[in-house]
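Heads up, the thing below is written out as structure tokens.
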Amino acid sequence: AIELLSDRLKLLFEPYVIVLLPALLKAFSDSSDHVRSAADKAVSQIMGKLSGHGVKLVMPAVLEAFDDPEWRTKQASILMLGSMSHCAPKQLASCLPKVVPKLTEAFSDTHPKVKSSAEDALGEICKVIKNPEISGISPTLVGALTDSSGTLRALEALIETEFVHAIDAPSLSIIVPVVHRGLRDRAATTKRYAALISGNICTMINDARDFVPYLPILLPDLKATLLDPIPDVRSISAKSLGSLTRGLGEATFPELRPWLLDTLRSDTGSSVERSGAAQGLSEILVASGARLTENVMLNEILPLKSHPKAQTREGVLWVLTFLPSALGQAFSSLIDESLPALLSGLADDNETVREVALRAGRVLVRSHGKANKDKILPSLEEGLSDEDYRIRVASLTLLGDLLGLLSGAKVGKANTDTQDDIRQAERAQAQIALSLGNETRKRVLSSLYLARSDTAAVVRQSAVQVWKAVVSVTVRTLREILSDLITQIVTALASGDPERTQVAGRCLGDIVQKLGDAVLPQIIPVLRDNLYDGDEYTRQGVCVGLAEVINCSSKEQMAKYIEILVKVVQDAISDEDDEVRRLASQCFQNLYNAVGARTLEEIVPSLLVAMESEDDNTKARALNGMTGILSVRSRELFPYIIPRLLKPPLTASHADALGSISGATPQTIHTNFNRIVPTFISELASFSDMDMDDEEKEREEAIRRNFSALCRNVDTVGVPLLISEISNKCTSDKESVRKESCWSYQAMIEGRKSQADYYEYVPVILRELLHRLNDDSTIVLKANQKALGALTTCVPAESLVEHLGYIKNVIGSMVSDARYRKGGVGDGDFFLPGLNIPKGMEPLLPIYQRGVLYGDAAVRETAATGLGELIKVTQTKFLAGPFLIKLTGPLLRIVGDRNPSNVKIAIVQTLGLILTKGGPVLRAFVPQFQTTFVKALSDPSRQVRIEAIKALALLMPLSTRVDPLIKELVSTSLGNGSSATAESAGLVAIQTATLEALAVVLKHGGKKVKIAESIPNSLDAGTDL
């Protein structure tokens, strides 16, 4: 019935076929042969009457039936798919992309009839192939589809076939599955052949749209091969994508370029994948046209050159690796924008990025070097002087490639000394001059030669390789480029960059060694002119270059130019810039080594004369020069210079010179202290009795200022000599010399406060300053007081306490000698002059206070006794109220501590002396004194009790309330206030001492009693006892 309806209704029956076809296909699985035969006839009738639109409508149902588990249904669907080969060409082109893959799947079916039906169906399709070339190899292609081992053979057959006719739709349906299988094969050759055929198909078909339905099959495979680890596979896949883009238009692949850009930026992919993506993107951009390429590069690719992720920066450089070759001369417009990305990549922190950048640069040079050398060369020259040595190495490599490209020379050969290599270098040099022009050639070779002296060994090695490849005779070439080379050297010397300056200096020395007399007349005037006309960086560079020139020149060459060299070195070493002078000192050292003492004879006298100039600038420059010379040759020059500078009278300029010299020669200046220190002290002493005018005051100020500088500058090893020389002058017969010796100690102590390297010589200083306390000159005493004050201020008190016993002994010995010289030895009044001036004792007080408060028992005893001795030899009027309070407080604070008896005795005795000297000033301390002395009456030591009784007698004139004291003494004498201490000491001894104290109090303070019972009670207590 269905067969008849299809036959009679024809096209009108097509809408019902879609509904009836699934049932018909099911009928193929019926158990009755008649039903299956009828179904076969009906399907044949329907397929023969279908229009092109009808084929599209029934295709889903047929494809669905292909997946039916019944093999007869599957076989029927295969037969229907095969019968579609008889459709019109237009319908055939649209259905074959779906039919052939299904038939290919059937080759792996387990049922032999299904597989056989698929082969028959594919044979039916092959019968309608119109392309004779494909028709001839169709058995091979079908064999590859039925057996995967024949894939490579089929691909080779396709590649070997010379196509004369266009490929039609049936041919395409057979080729694409083979290519699809080849792209997924493991073998690199198979993938390479498949990718190659994929890219070429578009060129061999009449209508490119016939190939579009196959893109969903092939494009994922081409993407996979584009990221393949094997470079050839990636390269051919990239070109295939470019061919497809060129043939079908970029609009056919809307997601391809975004995917490639994402792969370039991905931080999870490998370098290989980014390389493949960059290569594919380059081919697609080339196929899309120059305008689109430029737009994508400027707006999407190159802005990523400074991306924070190294993987993204690497992706940009991979694009620059492949695009120049792919784009050809059209890339010229992008060179200026691409070079910054290349140079920044060469200096990248990531090693992989640097390697890719160098690779991209070499590709750019080799593909566009000749045509665009004017654009590329300036960037490479600039890179040769970059701060980063990696950029310098890469720039040299690229420059070598460029010069090799222009000249035909091979850079980096192992052997560059044979005659053939020399002749080749000659030809290369001539070819470079022809390509670049003579001026550019000189400039480039000058930069290259300068790089041979680079601080980095790898840069020097690269520069030498390039130089040998393009230069045959170095000396001859140097003569040709000398002018340009010197210009570049001077520029580098004046750059202010220490590394570039060093490189330029080395290069200059190398030139002098190679060219000798031929170059010196040209170099030395240039250096001289730049020294006088340049800024400080230029002058520093000139000194570096001059040092190399002198160091590399022979004595004979130096002798020819000695006059101009001496003048230049003298001016450089007198420069106002510290760094220029430091570098010029090296020039002087080199010149001295080359010429000897003649250098000193030429320079030093003129500097000494200039130091006497009335022009301040000339004088300052001469002083700079002198200190610069002494910083390198001090031992040879001191015997010559020091006597001339110390010639009396010592001028301000000479004093300034000595101060500056001490700063330049701290390790050696002390060897002349036996002449310098006495001269300074004598000169200062000469101002004492002088009626000075302004000039003399300035001279005195200059001498003092520079002596202080001398004390500050001298090295630690010279400190003992300095102290010794000052000490020798402390005992002079002239009071002015003694005064200035004390001032010298003050200057030394204050000047070396930060170094603190004279502490071990403090006893020597103390000895001299303490002896000056007995000086009969007021001006000496005042200077000595300041020096002692500086010592106790600059040296920590804890360090000075260590010398407390020594101080006490020196003062005691000095006082004893003074009394003896005055004709008596007893206890007659003697006052030490140094303490009997305003604040005379104040410099020593911190030492004693520290000893009293924080010392051990022995130190406390020494401090208390020594303090008492100082008070004895000091008149009352010089022990001012505030000063006595400073003395009293610490003593009262520690006397109650658990000190040994000898410490307590010393403290109580000193407190008694303070009461004797202080008088009414100490009235506020009477309660503390009273408590301290009464407590001492109970001390186990009899001598402590005796000293306490004496002290109470001294306290009575100051006390205003005697009654409480009498009451306390009465109570203690009767044993009412006994304590553990009293018991251990013996009650009787304490009572006895208390009664003696009571007697002393009544004797010296009885008139001040206000309570009537106080005296009777005292008498009663005495009677009872």
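Residues in the structure tokens are numbered from 1 in each chain, the chains being A, B, ... in the order shown, and ligands are numbered from 1 in the order shown.
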Q) Which polymer residues have any atom within 10 Å of an atom of A:Ile134, counting only C-alpha atoms, with same-chain residues fewer than 2 positions away left out, as an MDAnalysis selection string? A) chainID A and resid 126 129:132 136:141 157:158 161 163 165:168 170:172 174:175
**Q.** Nearest to A:Ser407 by atom-to-atom distance, counting only C-alpha atoms, from A:Leu710, A:Val801, A:Ala433, A:Ala790
**A.**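 Distance minimum relative to A:Ser407 lands on A:Ala433.
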Write out as a short mmCIF file (atom, residue, chain, number, x, y, z; two decimals) with all heavy atoms, in the first residue's frame each polymer residue whose atoms come within 6 Å of A:Ala492, counting only C-alpha atoms; drop sequence neighbours fewer than 6 positions from it.
```cif
data_model
loop_
_atom_site.label_atom_id
_atom_site.label_comp_id
_atom_site.auth_asym_id
_atom_site.auth_seq_id
_atom_site.Cartn_x
_atom_site.Cartn_y
_atom_site.Cartn_z
N ARG A 500 79.61 51.65 32.70
CA ARG A 500 79.97 52.14 31.37
C ARG A 500 81.31 52.87 31.41
O ARG A 500 82.13 52.75 30.47
CB ARG A 500 78.89 53.07 30.83
CG ARG A 500 77.60 52.37 30.41
CD ARG A 500 76.66 53.34 29.72
NE ARG A 500 77.24 53.82 28.46
CZ ARG A 500 76.77 54.84 27.76
NH1 ARG A 500 75.72 55.51 28.20
NH2 ARG A 500 77.34 55.22 26.64
N THR A 501 81.53 53.62 32.47
CA THR A 501 82.80 54.34 32.61
C THR A 501 83.97 53.37 32.67
O THR A 501 85.01 53.57 32.05
CB THR A 501 82.77 55.21 33.87
OG1 THR A 501 81.65 56.12 33.80
CG2 THR A 501 84.04 56.01 34.02
N ALA A 504 84.57 51.87 29.21
CA ALA A 504 85.24 52.83 28.33
C ALA A 504 86.72 52.96 28.69
O ALA A 504 87.59 53.05 27.81
CB ALA A 504 84.54 54.18 28.41
#
```
Q. Which neighbours of A:Gln930 fall inside 10 Å, counting only C-alpha atoms, when residues of the same chain fewer than 2 positions from it are skipped, and could you give them as a ChimeraX atom specification?
A. /A:925-928,932-936,948,951-952,955-956,959,965
(Q) Residues near A:Lys839, anyone? I mean within 9 Å using only C-alpha atoms, not counting same-chain ones fewer than 5 positions away, as number ranges by chain. (A) A: 785, 878-880, 883
**Q.** All residues 12 Å or closer to A:Thr778, only C-alpha atoms, same chain fewer than 5 positions away omitted, as number ranges by chain
**A.** A: 735-736, 738-739, 772-773, 783-785, 833-838, 840
Tell me, counting only C-alpha atoms, for each residue of stretch 693-778 of chain A within 12 Å of stretch 656-674 of chain A, which pair of atoms is nearest and how far apart they are in Å to one decimal, in rows ordered by chain and increasing number, as JSON lines.
```
{"residue": "A:Glu698", "atom": "CA", "partner": "A:Asp656", "partner_atom": "CA", "distance": 11.7}
{"residue": "A:Arg699", "atom": "CA", "partner": "A:Asp656", "partner_atom": "CA", "distance": 10.0}
{"residue": "A:Glu700", "atom": "CA", "partner": "A:Asp656", "partner_atom": "CA", "distance": 11.5}
{"residue": "A:Glu701", "atom": "CA", "partner": "A:Asp656", "partner_atom": "CA", "distance": 10.6}
{"residue": "A:Ala702", "atom": "CA", "partner": "A:Asp656", "partner_atom": "CA", "distance": 6.8}
{"residue": "A:Ile703", "atom": "CA", "partner": "A:Asp656", "partner_atom": "CA", "distance": 7.7}
{"residue": "A:Arg704", "atom": "CA", "partner": "A:Gly659", "partner_atom": "CA", "distance": 10.0}
{"residue": "A:Arg705", "atom": "CA", "partner": "A:Gly659", "partner_atom": "CA", "distance": 8.1}
{"residue": "A:Asn706", "atom": "CA", "partner": "A:Gly659", "partner_atom": "CA", "distance": 4.6}
{"residue": "A:Phe707", "atom": "CA", "partner": "A:Gly659", "partner_atom": "CA", "distance": 6.8}
{"residue": "A:Ser708", "atom": "CA", "partner": "A:Gly659", "partner_atom": "CA", "distance": 8.3}
{"residue": "A:Ala709", "atom": "CA", "partner": "A:Gly659", "partner_atom": "CA", "distance": 5.7}
{"residue": "A:Leu710", "atom": "CA", "partner": "A:Ser662", "partner_atom": "CA", "distance": 5.6}
{"residue": "A:Cys711", "atom": "CA", "partner": "A:Ser662", "partner_atom": "CA", "distance": 8.7}
{"residue": "A:Arg712", "atom": "CA", "partner": "A:Gly663", "partner_atom": "CA", "distance": 8.5}
{"residue": "A:Asn713", "atom": "CA", "partner": "A:Gly663", "partner_atom": "CA", "distance": 5.3}
{"residue": "A:Val714", "atom": "CA", "partner": "A:Pro666", "partner_atom": "CA", "distance": 4.5}
{"residue": "A:Asp715", "atom": "CA", "partner": "A:Pro666", "partner_atom": "CA", "distance": 5.1}
{"residue": "A:Thr716", "atom": "CA", "partner": "A:Gln667", "partner_atom": "CA", "distance": 8.4}
{"residue": "A:Val717", "atom": "CA", "partner": "A:Gln667", "partner_atom": "CA", "distance": 7.6}
{"residue": "A:Gly718", "atom": "CA", "partner": "A:His670", "partner_atom": "CA", "distance": 5.0}
{"residue": "A:Val719", "atom": "CA", "partner": "A:His670", "partner_atom": "CA", "distance": 8.0}
{"residue": "A:Pro720", "atom": "CA", "partner": "A:His670", "partner_atom": "CA", "distance": 9.4}
{"residue": "A:Leu721", "atom": "CA", "partner": "A:Phe673", "partner_atom": "CA", "distance": 6.9}
{"residue": "A:Leu722", "atom": "CA", "partner": "A:Phe673", "partner_atom": "CA", "distance": 6.5}
{"residue": "A:Ile723", "atom": "CA", "partner": "A:Phe673", "partner_atom": "CA", "distance": 9.9}
{"residue": "A:Ser724", "atom": "CA", "partner": "A:Asn674", "partner_atom": "CA", "distance": 9.2}
{"residue": "A:Glu725", "atom": "CA", "partner": "A:Asn674", "partner_atom": "CA", "distance": 6.6}
{"residue": "A:Ile726", "atom": "CA", "partner": "A:Phe673", "partner_atom": "CA", "distance": 9.8}
{"residue": "A:Ser727", "atom": "CA", "partner": "A:Asn674", "partner_atom": "CA", "distance": 11.9}
{"residue": "A:Asn728", "atom": "CA", "partner": "A:Asn674", "partner_atom": "CA", "distance": 10.3}
{"residue": "A:Lys729", "atom": "CA", "partner": "A:Asn674", "partner_atom": "CA", "distance": 11.4}
```
